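Undergrad: Dumping the structure here so I can ask a few things about it.
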Protein chains: 2
Amino acid sequence: MTTIYEVAKKARTTSGTVSRALNNKGYVAEETKRKIERVAKRLNYTPHFLARSLRTKKTDIIAVIIPNIANPIYPEIIRGIQDKAHELGYQVLISNSDALPEREIELLTIFSQKRVDGIFLGTGEGAENKKIREKIKKLSEAGIKLVVGGFIKDKLPTDSLSIDNFQGAYEVTKHLLNLGHNKIGFISGPKNARVAQERQKGYRAALLNHNILYHDGLVAYGNFQQESGYTLGKDFLQREKAPSAIFAANDVMAIGVILAAEELGRRIPEEVAIAGFDDITWASIIRPRLTTVSQPKYEVGSLAAEMLIQRINEENNRTFQRIILKPKVVIRESTLNQEKK
Amino acid sequence: MTTIYEVAKKARTTSGTVSRALNNKGYVAEETKRKIERVAKRLNYTPHFLARSLRTKKTDIIAVIIPNIANPIYPEIIRGIQDKAHELGYQVLISNSDALPEREIELLTIFSQKRVDGIFLGTGEGAENKKIREKIKKLSEAGIKLVVGGFIKDKLPTDSLSIDNFQGAYEVTKHLLNLGHNKIGFISGPKNARVAQERQKGYRAALLNHNILYHDGLVAYGNFQQESGYTLGKDFLQREKAPSAIFAANDVMAIGVILAAEELGRRIPEEVAIAGFDDITWASIIRPRLTTVSQPKYEVGSLAAEMLIQRINEENNRTFQRIILKPKVVIRESTLNQEKK
DNA sequence: GAAATTTGAACAACCGATTTTACAATTATG
DNA sequence: CATAATTGTAAAATCGGTTGTTCAAATTTC
C-alpha cells in the first residue's frame with residue numbers, strides 16, 4: 001500500500017502539502033496540486049483510514065443494535081438505515097442483542113471502544129433499565145451520539161424515535177370491540193419489553209373506554225416468536241369459554257395464532273378474529289390476510305439514520321428530539337370478512 | 001478518555017510497560033503488573049481501538065456484502081455470520097449491493113479502505129464478472145481475506161461456499177416430472193445472476209434426462225421479487241396451453257405464483273403444482289405449504305464466518321477451499337396433496 | 001519603495017497505541 | 001567468582017495520516 005510519504009517524495013514535496021492538496025485545505029498552488037493529484041493517481045494512493053480516523057476522531061461508521069435481525073420487522077428498518085447512511089457516506093455495523101439488557105450494554109461498550117461515530121439502539125427493555133441509562137450518559141460524554149428507537153420514555157437523555165404503540169393497540173382493540181367482541185385475548189411480549197407493555201396499555205385503555213372489565217386471565221405473555229403465538233393461541237382457543245378475538249402484540253405471534261386456529265378447525269374471523277401489530281410483509285400474504293397496525297418501517301429506518309447523522313455532524317448540541325409516529329390500523333380478513341358484506 | 005500514558009504516569013512507569021502488562025507480553029514483574037492493572041481499572045482505561053489497529057494492522061471487523069437484506073433468505077444467513085463472528089471477537093459491517101456488479105466493486109473498495117480484516121461477498125453476478133475478479137486479486141494483495149458465497153466458479157482465487165444449486169433444481173424438477181408433469185414452467189432470476197443460471201441448468205438437465213424437450217417459451221426471467229413471480233406466474237397460467245407445474249428459482253417468486261394461482265382460482269396442486277427454492281420460513285406457513293429446496297441458512301452463515309476468520313488468522317496461505325453443500329428437497333402440499341393419499 | 005498582507009510549502013508535533021532497542025539489575029552456570 | 005543468561009523497564013521508533021508553526025517569497029497597500 002502506498003503511503004502519503006511516497007506520494008510526497010515522488011511529487012517532490014512533503015506529506016503536509018499532499019494532505020492539504022488532496023483535501024482542498026489551506027494554500028496549495030494550482031500547479032503543485034495538479035502534480036500531487038497525478039502522482040497520487042499513478043501510485044494508486046488512498047489514505048489509510050485508521051491513521052486518518054485516529055487524527056480526525058471520525059470513523060464514518062455507525063452501529064445498529066437490534067434484538068434480532070431474523071425478526072421480520074427489522075430487515076426493512078435496517079435497509080432504510082443502510083440506504084440513508086450510505087447516501088451520507090457512512091458504513092453500518094449491525095449486532096443482535098436478543099433484547100437482553102446485559103447484551104445491549106456489552107454491545108454499547110464494544111461499539112464505543114471501536115469509536116463508531118454514532119449508535120442506533122433499537123429497543124428491548126431499553127432505557128427503562130438503569131444500567132442502560134448510565135451507559136447512555138457515558139457514551140454521551142465520550143462524544144458518541146445515540147438515537148434510541150422503538151419506544152418512548154420521558155426525559156430520555158438522547159434523541160428518540162418510535163411509533164405510538166399505545167395508540168396503535170388502542171385502535172385495533174377498539175376495532176375489535178366495535179365488531180362486537182367483548183372477550184378479547186391479548187398475547188403480550190416478554191414482561192420487561194417496553195413495546196409490549198405499551199401495547200398492552202393501549203389494549204387495556206380501549207377495554208376500559210368500552211366499559212369492559214380488564215381481566216388478567218385474558219392476557220398471556222409470549223416472546224414475540226411464532227411458536228409462542230401458536231402455543232398461547234391454542235391455549236386460549238381450547239378454553240371452555242374461549243375469547244372470540246385474539247390480539248397479539250406482534251404479527252409473528254398473530255400468525256402463530258392463525259396456525260393454531262387453523263389446526264383446531266376454527267373459522268377466522270367467524271369463530272375467532274385475529275389481529276397483530278407491525279404489518280410485516282407476510283401479514284398480507286397469509287390467508288386470511290391479517291388485520292394489523294402498520295408502521296412505515298423503511299422510512300423509520302431512514303429517518304433514524306438521518307437523525308443520528310445530523311446529530312453527529314453538529315457541534316453545539318441541540319435539545320433532544322423525540323419523534324412519535326402515528327400508527328395506522330389496516331383492516332383485513334382476519335377480523336372482518338369483506339366478502340360477506 | 002484516559003490514555004495509556006496517564007495510566008503509566010499514575011503507575012509510575014511508562015507506556016511500553018503498561019502495554020506489555022495488559023497484553024501479557026514480554027517480561028513484567030508480578031508486582032508492577034498488578035499495580036498497572038489496578039490503576040487501569042481505577043481510571044477506567046480502555047485502549048484506543050484506532051491507535052491499536054493502526055499499529056497491529058487488525059481491526060477485528062469483517063464486512064458482509066449481500067444483494068438485499070430485505071430478501072428473506074438473508075436475515076438468517078446474516079444471523080449465522082454475526083453469531084459466529086461475535087463469538088470469535090469480530091464485529092460485522094453489512095451492506096447491500098442490490099446484486100449490481102458496480103455496487104459490489106464500490107463496496108469492496110470502501111471496505112478495503114476501511115481496513116476490515118475480511119469480507120464475505122454474497123453473490124450477485126459475482127466472480128463471473130471480470131472487474132470483480134480483478135478486484136478480488138487486489139484485495140488479496142492488500143492482505144484482506146475474502147470468502148465468496150452463493151455460487152461456485154472453477155478456479156476462483158478465494159475461498160468459496162455454496163449449495164449445489166444445480167443439484168437442487170435438478171431434483172425438484174425431477175420430483176415434478178415423476179408426478180407426471182411434462183410441461184413445467186420455470187421462472188428464473190435476472191439473466192446475469194449466477195445462482196439463477198445454475199438452477200436453470202438443473203431444471204434443463206432434469207428435463208433432458210426425462211427425454212423432454214427444453215423449450216424457451218417455458219422459461220421466464222424475473223428478478224427474485226414476489227411481484228415478478230406473481231406477474232410471470234399469471235402470464236403462464238393464462239396461456240392457452242398453460243404448464244401444469246411451475247418451478248420458480250426462489251421461494252419469494254414461488255409465493256407470487258401461488259397468489260396468482262389463487263387469484264385465478266386455480267387449485268394447487270391439482271390444476272397447477274408449484275415449487276420454489278430456498279425454504280424460507282414462510283414457505284411452510286403459506287397455504288398450500290410450498291415444496292422447495294432447503295438450505296441450512298443459519299449454518300451456512302456460521303460456516304462462512306468461520307472460514308473467513310480462520311483464513312484471517314493464519315499467515316501461511318493454504319490453498320483455497322471450495323465447499324459445496326448438498327441441498328435437500330422438501331416436498332409439501334403445493335406439489336403433492338398428501339391429504340388425498 | 002517600505003511596510004503590511006497574502007500565499008506557498010517545509011518542518012515538526014500530534015493522534016494513542018505497540019514494538020524494538022538498549023541497558024541495568026538479577027540469577028544461573030561452569 | 002567471573003561470565004553468561006535471564007528479567008525488568010525506560011526510551012525511542014513506528015503505524016500513516018492531519019494540523020499548527022514557521023518562515024520565505026510574492027503580492028498588495030499606503
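To be explicit about the labels: the chains of the C-alpha cells are called A, B, and onward in the order shown, and within each one the residues are counted from 1, while ligands get numbers from 1 in the order they are shown.
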Could you go through range 88-148 of chain A and tell me which residues DSSP, when run on the backbone, assigns to strand (DSSP E), listing them as a ChimeraX atom specification?
TA: /A:91-96,118-122,145-148
Undergrad: Go through chain A residue by residue and, counting only C-alpha atoms (C1' of nucleotides), keep those with an atom at most 9 Å from chain D; for each kept residue give the shortest atom pair and its distance in Å to one decimal, ordered by chain and increasing number, as CSV.
TA:
```
residue,atom,partner,partner_atom,distance
A:Thr3,CA,D:DG16,C1',6.8
A:Ile4,CA,D:DG16,C1',7.4
A:Tyr5,CA,D:DG16,C1',8.6
A:Ser15,CA,D:DG17,C1',8.7
A:Gly16,CA,D:DT18,C1',7.6
A:Ser19,CA,D:DT18,C1',7.2
A:Arg20,CA,D:DT18,C1',8.7
A:Pro47,CA,D:DG17,C1',7.2
A:His48,CA,D:DG16,C1',6.3
A:Phe49,CA,D:DG17,C1',8.3
A:Leu50,CA,D:DG16,C1',8.0
A:Ala51,CA,D:DG17,C1',4.7
A:Arg52,CA,D:DG17,C1',4.9
A:Ser53,CA,D:DG17,C1',8.4
A:Leu54,CA,D:DG17,C1',8.2
A:Arg55,CA,D:DT18,C1',6.1
A:Thr56,CA,D:DT18,C1',7.2
```
Undergrad: Residues of chain B within 6 Å of chain A: nearest atom pair and distance (Å, one decimal) for each, counting only C-alpha atoms, sorted by chain and number, as a Markdown table?
TA:
```
| residue | atom | partner | partner_atom | distance |
| --- | --- | --- | --- | --- |
| B:Phe49 | CA | A:Lys114 | CA | 5.4 |
| B:Leu50 | CA | A:Leu54 | CA | 5.6 |
| B:Leu54 | CA | A:Leu50 | CA | 5.7 |
| B:Ile69 | CA | A:Pro75 | CA | 5.8 |
| B:Ala70 | CA | A:Pro75 | CA | 5.0 |
| B:Pro75 | CA | A:Ala70 | CA | 5.0 |
| B:Glu76 | CA | A:Ala70 | CA | 5.6 |
| B:Val92 | CA | A:Leu93 | CA | 5.6 |
| B:Leu93 | CA | A:Leu93 | CA | 4.3 |
| B:Lys114 | CA | A:Phe49 | CA | 5.4 |
| B:Ile286 | CA | A:Ile286 | CA | 5.9 |
```
Undergrad: Restrict the distance test to only C-alpha atoms (C1' of nucleotides), flag each residue of chain C within 10 Å of chain B, and return the flagged residues as a CSV table (one decimal) with all heavy atoms, in the first residue's frame.
TA:
```csv
chain,number,residue,atom,x,y,z
C,15,DC,P,-2.2,14.8,21.1
C,15,DC,OP1,-2.9,15.8,22.0
C,15,DC,OP2,-1.1,14.0,21.7
C,15,DC,O5',-3.2,13.8,20.6
C,15,DC,C5',-4.1,14.1,19.5
C,15,DC,C4',-4.4,12.8,18.8
C,15,DC,O4',-3.5,12.6,17.7
C,15,DC,C3',-4.3,11.6,19.7
C,15,DC,O3',-5.5,11.3,20.3
C,15,DC,C2',-3.8,10.5,18.7
C,15,DC,C1',-3.4,11.2,17.4
C,15,DC,N1,-2.0,11.0,17.0
C,15,DC,C2,-1.8,10.7,15.6
C,15,DC,O2,-2.8,10.6,14.9
C,15,DC,N3,-0.5,10.4,15.2
C,15,DC,C4,0.5,10.5,16.1
C,15,DC,N4,1.7,10.3,15.6
C,15,DC,C5,0.3,10.8,17.5
C,15,DC,C6,-1.0,11.0,17.9
C,16,DG,P,-5.5,10.9,21.9
C,16,DG,OP1,-6.9,10.9,22.3
C,16,DG,OP2,-4.5,11.8,22.5
C,16,DG,O5',-5.0,9.4,21.9
C,16,DG,C5',-5.7,8.4,21.4
C,16,DG,C4',-4.9,7.1,21.3
C,16,DG,O4',-3.8,7.3,20.4
C,16,DG,C3',-4.3,6.7,22.7
C,16,DG,O3',-4.6,5.3,22.8
C,16,DG,C2',-2.9,7.0,22.5
C,16,DG,C1',-2.7,6.7,21.0
C,16,DG,N9,-1.5,7.2,20.4
C,16,DG,C8,-0.8,8.3,20.8
C,16,DG,N7,0.3,8.5,20.0
C,16,DG,C5,0.2,7.5,19.1
C,16,DG,C6,1.1,7.2,18.0
C,16,DG,O6,2.1,7.9,17.7
C,16,DG,N1,0.7,6.1,17.3
C,16,DG,C2,-0.4,5.4,17.6
C,16,DG,N2,-0.6,4.3,16.8
C,16,DG,N3,-1.2,5.6,18.6
C,16,DG,C4,-0.9,6.7,19.3
C,17,DA,P,-4.6,4.6,24.3
C,17,DA,OP1,-5.8,3.8,24.4
C,17,DA,OP2,-4.3,5.7,25.3
C,17,DA,O5',-3.3,3.7,24.2
C,17,DA,C5',-3.4,2.4,24.0
C,17,DA,C4',-2.9,2.0,22.6
C,17,DA,O4',-2.4,3.1,21.9
C,17,DA,C3',-1.8,0.9,22.5
C,17,DA,O3',-2.5,-0.3,22.5
C,17,DA,C2',-1.1,1.2,21.2
C,17,DA,C1',-1.4,2.7,20.9
C,17,DA,N9,-0.3,3.6,21.1
C,17,DA,C8,-0.1,4.5,22.0
C,17,DA,N7,1.0,5.2,21.9
C,17,DA,C5,1.6,4.7,20.7
C,17,DA,C6,2.8,4.9,20.0
C,17,DA,N6,3.7,5.9,20.4
C,17,DA,N1,3.1,4.2,18.9
C,17,DA,C2,2.2,3.2,18.6
C,17,DA,N3,1.1,2.9,19.1
C,17,DA,C4,0.8,3.6,20.2
C,18,DT,P,-1.6,-1.6,23.0
C,18,DT,OP1,-2.5,-2.7,22.9
C,18,DT,OP2,-0.9,-1.3,24.2
C,18,DT,O5',-0.5,-1.7,21.8
C,18,DT,C5',-0.8,-2.2,20.5
C,18,DT,C4',0.4,-2.4,19.7
C,18,DT,O4',1.2,-1.1,19.7
C,18,DT,C3',1.4,-3.4,20.2
C,18,DT,O3',1.8,-4.1,19.0
C,18,DT,C2',2.5,-2.7,20.9
C,18,DT,C1',2.5,-1.4,20.1
C,18,DT,N1,3.0,-0.2,20.7
C,18,DT,C2,4.1,0.5,20.2
C,18,DT,O2,4.7,0.1,19.2
C,18,DT,N3,4.5,1.6,20.9
C,18,DT,C4,3.9,2.1,22.0
C,18,DT,O4,4.4,3.2,22.5
C,18,DT,C5,2.8,1.4,22.5
C,18,DT,C7,2.1,1.9,23.8
C,18,DT,C6,2.4,0.3,21.9
C,19,DT,P,2.5,-5.6,19.2
C,19,DT,OP1,2.1,-6.4,18.1
C,19,DT,OP2,2.4,-6.0,20.6
C,19,DT,O5',4.0,-5.1,18.9
C,19,DT,C5',4.3,-4.4,17.7
C,19,DT,C4',5.8,-3.9,17.8
C,19,DT,O4',5.9,-2.8,18.7
C,19,DT,C3',6.7,-5.0,18.4
C,19,DT,O3',7.9,-5.0,17.5
C,19,DT,C2',7.1,-4.5,19.7
C,19,DT,C1',7.0,-3.0,19.5
C,19,DT,N1,6.9,-2.1,20.6
C,19,DT,C2,7.6,-0.9,20.7
C,19,DT,O2,8.5,-0.6,19.9
C,19,DT,N3,7.4,-0.1,21.8
C,19,DT,C4,6.5,-0.4,22.8
C,19,DT,O4,6.4,0.4,23.8
C,19,DT,C5,5.7,-1.6,22.7
C,19,DT,C7,4.7,-2.0,23.8
C,19,DT,C6,6.0,-2.4,21.6
```
Undergrad: What's around range 186-190 of chain B at 6 Å? Count only C-alpha atoms (C1' of nucleotides), leave out sequence neighbours fewer than 5 positions away in its own chain, and write the answer as a PDB file with C-alpha atoms, in the first residue's frame.
TA:
```pdb
ATOM      1  CA  ALA B 196     -30.406 -18.419 -11.296  1.00  0.00           C
ATOM      2  CA  VAL B 219     -38.716 -20.052 -19.215  1.00  0.00           C
ATOM      3  CA  ALA B 220     -39.401 -16.546 -17.944  1.00  0.00           C
ATOM      4  CA  TYR B 221     -36.952 -14.179 -16.314  1.00  0.00           C
ATOM      5  CA  GLY B 222     -37.918 -12.494 -13.073  1.00  0.00           C
ATOM      6  CA  ASN B 223     -35.969 -10.535 -10.512  1.00  0.00           C
ATOM      7  CA  PHE B 224     -36.332 -12.706  -7.415  1.00  0.00           C
ATOM      8  CA  ILE B 246     -44.330 -24.039 -12.265  1.00  0.00           C
ATOM      9  CA  PHE B 247     -40.920 -24.050 -10.658  1.00  0.00           C
ATOM     10  CA  ALA B 248     -39.627 -20.689  -9.508  1.00  0.00           C
ATOM     11  CA  ALA B 249     -35.942 -20.039  -8.879  1.00  0.00           C
TER      12      ALA B 249
END
```
Undergrad: Residues near Val148 in chain A, anyone? I mean within 10 Å using only C-alpha atoms (C1' of nucleotides), not counting same-chain ones fewer than 2 positions away, as a PyMOL selection string.
TA: chain A and resi 64-65+119-123+126-127+136+146+150-152+156-162+304+308+322
Undergrad: I need the chosen residues saved as a CSV table (one decimal), in the first residue's frame, with N, CA, C and O atoms.
TA:
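The new file part-v4.csv reads:
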```
chain,number,residue,atom,x,y,z
A,64,VAL,N,-25.6,-0.3,14.8
A,64,VAL,CA,-27.0,-0.5,15.0
A,64,VAL,C,-27.2,-1.7,15.9
A,64,VAL,O,-26.6,-2.8,15.6
A,65,ILE,N,-27.9,-1.6,17.0
A,65,ILE,CA,-28.2,-2.7,17.9
A,65,ILE,C,-29.7,-3.0,17.8
A,65,ILE,O,-30.5,-2.1,18.1
A,119,ILE,N,-24.6,5.6,17.4
A,119,ILE,CA,-25.2,4.3,17.6
A,119,ILE,C,-26.7,4.4,17.6
A,119,ILE,O,-27.3,5.3,18.2
A,120,PHE,N,-27.4,3.5,16.8
A,120,PHE,CA,-28.8,3.4,16.9
A,120,PHE,C,-29.1,2.2,17.8
A,120,PHE,O,-28.7,1.1,17.4
A,121,LEU,N,-29.9,2.5,18.8
A,121,LEU,CA,-30.2,1.4,19.7
A,121,LEU,C,-31.7,1.1,19.6
A,121,LEU,O,-32.6,1.8,20.0
A,122,GLY,N,-32.0,0.0,18.9
A,122,GLY,CA,-33.4,-0.5,18.8
A,122,GLY,C,-33.7,-1.2,20.0
A,122,GLY,O,-33.0,-2.1,20.5
A,123,THR,N,-34.8,-0.9,20.6
A,123,THR,CA,-35.0,-1.2,22.0
A,123,THR,C,-35.4,-2.7,22.3
A,123,THR,O,-36.0,-3.3,21.4
A,126,GLY,N,-34.6,-1.5,27.0
A,126,GLY,CA,-34.2,-0.2,26.6
A,126,GLY,C,-33.9,0.7,27.8
A,126,GLY,O,-33.5,0.2,28.9
A,127,ALA,N,-34.1,2.0,27.6
A,127,ALA,CA,-33.6,3.0,28.6
A,127,ALA,C,-34.4,2.9,29.9
A,127,ALA,O,-34.2,3.7,30.8
A,136,ILE,N,-25.7,5.2,28.6
A,136,ILE,CA,-26.1,6.3,27.7
A,136,ILE,C,-25.4,7.6,28.0
A,136,ILE,O,-24.8,8.3,27.2
A,146,LEU,N,-26.2,9.1,20.0
A,146,LEU,CA,-27.1,8.0,20.1
A,146,LEU,C,-28.5,8.3,19.7
A,146,LEU,O,-29.0,9.4,20.0
A,150,GLY,N,-38.0,2.7,19.1
A,150,GLY,CA,-38.8,1.6,19.5
A,150,GLY,C,-39.8,1.9,20.6
A,150,GLY,O,-40.8,1.2,20.8
A,151,PHE,N,-39.5,2.8,21.4
A,151,PHE,CA,-40.4,3.2,22.5
A,151,PHE,C,-40.1,4.6,23.0
A,151,PHE,O,-39.0,5.1,22.6
A,152,ILE,N,-40.9,5.1,23.8
A,152,ILE,CA,-40.7,6.5,24.3
A,152,ILE,C,-40.7,6.5,25.8
A,152,ILE,O,-41.6,5.9,26.4
A,156,LEU,N,-35.7,11.0,28.3
A,156,LEU,CA,-34.6,10.2,27.9
A,156,LEU,C,-33.5,11.1,27.4
A,156,LEU,O,-33.8,11.9,26.6
A,157,PRO,N,-32.3,10.9,27.9
A,157,PRO,CA,-31.3,11.9,27.5
A,157,PRO,C,-30.6,11.6,26.2
A,157,PRO,O,-29.4,11.6,26.0
A,158,THR,N,-31.5,11.3,25.2
A,158,THR,CA,-31.0,11.1,23.8
A,158,THR,C,-32.1,11.5,22.9
A,158,THR,O,-33.3,11.7,23.3
A,159,ASP,N,-31.8,11.5,21.6
A,159,ASP,CA,-32.8,11.6,20.6
A,159,ASP,C,-33.6,10.2,20.6
A,159,ASP,O,-33.0,9.2,20.8
A,160,SER,N,-34.8,10.3,20.3
A,160,SER,CA,-35.5,9.0,20.2
A,160,SER,C,-36.6,9.1,19.1
A,160,SER,O,-37.0,10.1,18.6
A,161,LEU,N,-37.1,7.9,18.8
A,161,LEU,CA,-37.9,7.7,17.6
A,161,LEU,C,-38.8,6.5,17.8
A,161,LEU,O,-38.2,5.5,18.2
A,162,SER,N,-40.1,6.6,17.6
A,162,SER,CA,-40.9,5.5,17.8
A,162,SER,C,-42.3,5.7,17.2
A,162,SER,O,-42.6,6.8,16.9
A,304,ALA,N,-34.3,7.5,11.2
A,304,ALA,CA,-33.4,7.3,12.3
A,304,ALA,C,-32.0,7.5,12.0
A,304,ALA,O,-31.3,8.2,12.7
A,308,LEU,N,-29.6,10.5,13.4
A,308,LEU,CA,-28.3,10.2,14.1
A,308,LEU,C,-27.1,10.9,13.4
A,308,LEU,O,-26.3,11.5,14.1
A,322,ARG,N,-37.6,14.1,20.1
A,322,ARG,CA,-38.4,12.9,20.4
A,322,ARG,C,-39.5,12.8,19.4
A,322,ARG,O,-40.5,13.6,19.4
```
Undergrad: Quick one: pull the distance between CA of Thr281 in chain B and CA of Asp251 in chain A, Å, one decimal.
TA: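 Calculated distance between CA of Thr281 in chain B and CA of Asp251 in chain A is 14.1 Å.
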